[in-house]
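One structure is given below, encoded as structure tokens.
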Amino acid sequence: MDRLPLPLEGITVVAVEQAVAAPFATRQLADLGARVIKVERVDGGDFARGYDTAAHGLASHFVWCNRGKESIALDLKDPRGLDLVRRLVADADVFVQNLAQGAAARLGLDAATLCAAHPRLVAVDISGYGASGPYADKRAYDMLVQCEAGLVSVTGTPEQPVKAGIPAADIAAAMYAFSGVLAALVRRGTTGRGGPVQVSMLDALAEWMGHPLHHSMHGGTPPARTGLAHAVIAPYDAYPTADGGRVLLSVQNDREWRRLAEHVLGRPELGTDPGLATNAARVADRARTDELVGKALGALTADEAVARLEAAGIACARLRDLWEVAEHPQLAARDRWREVDSPAGPLRALLPPITLPGGDEARMGEVPALGQHTGALLRAVGMTDDEIAALRRDGVVA
């Protein structure tokens, strides 16, 4: 049986993008076979290139979000640079931008303007707060939107709210932009027309706040911040083990509590103790519940604790640090790691989570150097070497 090609082969994407939200969206498209042309500033490129040097001298954010793309460095403030972007867009299927609010419109690169000129184009505007309303022009970065969307209010301990450890607002917007492009391409296949796609970071993350938001709006009270513990289930928390590890377990019903009491705590009588037999009782006396579970797991190594919990049919997990995740036995057993080329040499990267059995594997192309493909892309739109050299001398391209 013939293998299926990647679903986005033949699709060309032009992206005027920076940071995380748009680059992570277009990386998904590149992984699925699209050709992604990344338009960067001539003076340093995407500013995420300068966030850190952790990935063998390259920025970890940039490496994560930009594999498989072609980089062209242009000065969009120069009419000649802007004209080059328009020439690239004329042959593209998708355009994505996440410039500061209003900047794309001033350049004529907003979705509405481009789609009016190119009816088959799918054009995406990613913003912080949307194109209208009192927050439309407010500067938006990930942690700021985490605060505005209420994520910080439900994350942390009773004493201290904390931000998520990943750029949750950026990722949420990226994934809705990605799925929005796919939906618009499907619609184009049936109607022949592309059209604008609008995604805001606040809209995206507010949607992800669905459970605590509905709990508050309809139940009257926001869920408590409980660190690693569950607000309304006990025991559902992480407990220290004898070897310095931590194991998180989750008891979902009273039958599981009885199994935990007998097979892990070694005290079957606790399964029917009126003060512990129901989840409501265990939550009401969380201190006693946690003391009993903590004492039992504290006498075991992490390996022993996990083995005993799994034998009793209790859901559990190790609390892993990032080095342990990089060596996770499940990821290794399922062959989820690949190497991606970059200006700093090969770098480990995870296969994207979307697996399409029977088809080609995700295209995990190299991480580009700034302007690595400028010459080839300009020649492809009909420019001569002399014209390209003149643009380089004038600082219009790099």
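How things are named: the first chain in the structure tokens is A, the next is B, and so on; residues count from 1 in each chain; ligands count from 1 in the order shown.
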
Do a neighbour search on Arg41 (chain A) at 10 Å with only C-alpha atoms, toss out local chain neighbours closer than 6 positions, and write the hits as a ChimeraX atom specification.
-> /A:16-18,47,72-77,370-371,396-398

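Looking only at region 292-365 of chain A, the set that DSSP places in strand (DSSP E) from backbone geometry is Ala315, Cys316, Ala317, Arg318, Trp337, Arg338, Glu339, Val340, Leu347, Arg348, Ala349 and Leu350 of chain A.
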
Would you mind exporting the chosen residues as a compact mmCIF listing (two decimals), in the first residue's frame, restricted to N, CA, C and O atoms?
# COMPACT_ATOMS: atom_id res chain seq x y z
N ALA A 315 -4.09 5.14 40.55
CA ALA A 315 -3.42 6.00 39.56
C ALA A 315 -2.31 6.79 40.24
O ALA A 315 -2.49 7.35 41.33
N CYS A 316 -1.16 6.83 39.59
CA CYS A 316 -0.02 7.51 40.20
C CYS A 316 0.94 7.99 39.12
O CYS A 316 0.87 7.57 37.97
N ALA A 317 1.84 8.87 39.54
CA ALA A 317 2.85 9.40 38.63
C ALA A 317 4.03 9.89 39.43
O ALA A 317 3.90 10.29 40.60
N ARG A 318 5.20 9.86 38.81
CA ARG A 318 6.38 10.48 39.42
C ARG A 318 6.35 11.98 39.14
O ARG A 318 5.90 12.42 38.07
N TRP A 337 11.84 10.71 19.84
CA TRP A 337 12.89 11.71 19.67
C TRP A 337 13.52 11.63 18.29
O TRP A 337 13.70 10.55 17.74
N ARG A 338 13.84 12.80 17.74
CA ARG A 338 14.58 12.90 16.48
C ARG A 338 15.69 13.94 16.67
O ARG A 338 15.75 14.63 17.67
N GLU A 339 16.54 14.06 15.66
CA GLU A 339 17.53 15.13 15.65
C GLU A 339 17.18 16.11 14.54
O GLU A 339 16.80 15.72 13.43
N VAL A 340 17.30 17.39 14.87
CA VAL A 340 17.00 18.47 13.94
C VAL A 340 18.28 19.25 13.70
O VAL A 340 18.99 19.60 14.66
N LEU A 347 20.28 18.97 17.06
CA LEU A 347 19.63 19.16 18.34
C LEU A 347 18.49 18.16 18.48
O LEU A 347 17.76 17.90 17.52
N ARG A 348 18.33 17.60 19.68
CA ARG A 348 17.21 16.69 19.93
C ARG A 348 15.90 17.46 19.92
O ARG A 348 15.81 18.58 20.41
N ALA A 349 14.87 16.83 19.37
CA ALA A 349 13.53 17.43 19.36
C ALA A 349 12.50 16.32 19.33
O ALA A 349 12.73 15.25 18.75
N LEU A 350 11.37 16.58 19.94
CA LEU A 350 10.29 15.61 19.96
C LEU A 350 9.50 15.64 18.66
O LEU A 350 9.23 16.72 18.10

Region 123-168 of chain A: which residues are alpha helix (DSSP H) by DSSP, as number ranges by chain?
-> A: 142-148, 168

Output N, CA, C and O atoms of each residue in that selection to a file, as an mmCIF file, in the first residue's frame.
data_model
loop_
_atom_site.group_PDB
_atom_site.id
_atom_site.type_symbol
_atom_site.label_atom_id
_atom_site.label_comp_id
_atom_site.auth_asym_id
_atom_site.auth_seq_id
_atom_site.Cartn_x
_atom_site.Cartn_y
_atom_site.Cartn_z
ATOM 1 N N ASP A 142 2.921 37.157 27.177
ATOM 2 C CA ASP A 142 2.310 35.951 27.714
ATOM 3 C C ASP A 142 1.889 36.086 29.171
ATOM 4 O O ASP A 142 0.741 35.813 29.523
ATOM 5 N N MET A 143 2.799 36.487 30.051
ATOM 6 C CA MET A 143 2.465 36.511 31.473
ATOM 7 C C MET A 143 1.394 37.557 31.769
ATOM 8 O O MET A 143 0.567 37.374 32.668
ATOM 9 N N LEU A 144 1.380 38.652 31.021
ATOM 10 C CA LEU A 144 0.342 39.658 31.207
ATOM 11 C C LEU A 144 -1.025 39.074 30.884
ATOM 12 O O LEU A 144 -2.000 39.299 31.608
ATOM 13 N N VAL A 145 -1.101 38.314 29.798
ATOM 14 C CA VAL A 145 -2.381 37.714 29.420
ATOM 15 C C VAL A 145 -2.766 36.602 30.391
ATOM 16 O O VAL A 145 -3.947 36.406 30.693
ATOM 17 N N GLN A 146 -1.778 35.863 30.916
ATOM 18 C CA GLN A 146 -2.093 34.881 31.959
ATOM 19 C C GLN A 146 -2.796 35.557 33.135
ATOM 20 O O GLN A 146 -3.730 34.986 33.721
ATOM 21 N N CYS A 147 -2.365 36.760 33.473
ATOM 22 C CA CYS A 147 -3.002 37.499 34.569
ATOM 23 C C CYS A 147 -4.409 37.954 34.168
ATOM 24 O O CYS A 147 -5.367 37.795 34.936
ATOM 25 N N GLU A 148 -4.539 38.537 32.988
ATOM 26 C CA GLU A 148 -5.834 39.051 32.553
ATOM 27 C C GLU A 148 -6.867 37.943 32.372
ATOM 28 O O GLU A 148 -8.064 38.156 32.584
ATOM 29 N N ALA A 168 1.645 29.773 28.411
ATOM 30 C CA ALA A 168 0.339 29.180 28.134
ATOM 31 C C ALA A 168 -0.513 30.037 27.199
ATOM 32 O O ALA A 168 -1.224 29.506 26.337
#

Counting only C-alpha atoms, which of A:Gly244, A:Pro343, A:Pro268, A:Gly210 gets nearest to Arg320 (chain A)?
-> A:Gly244
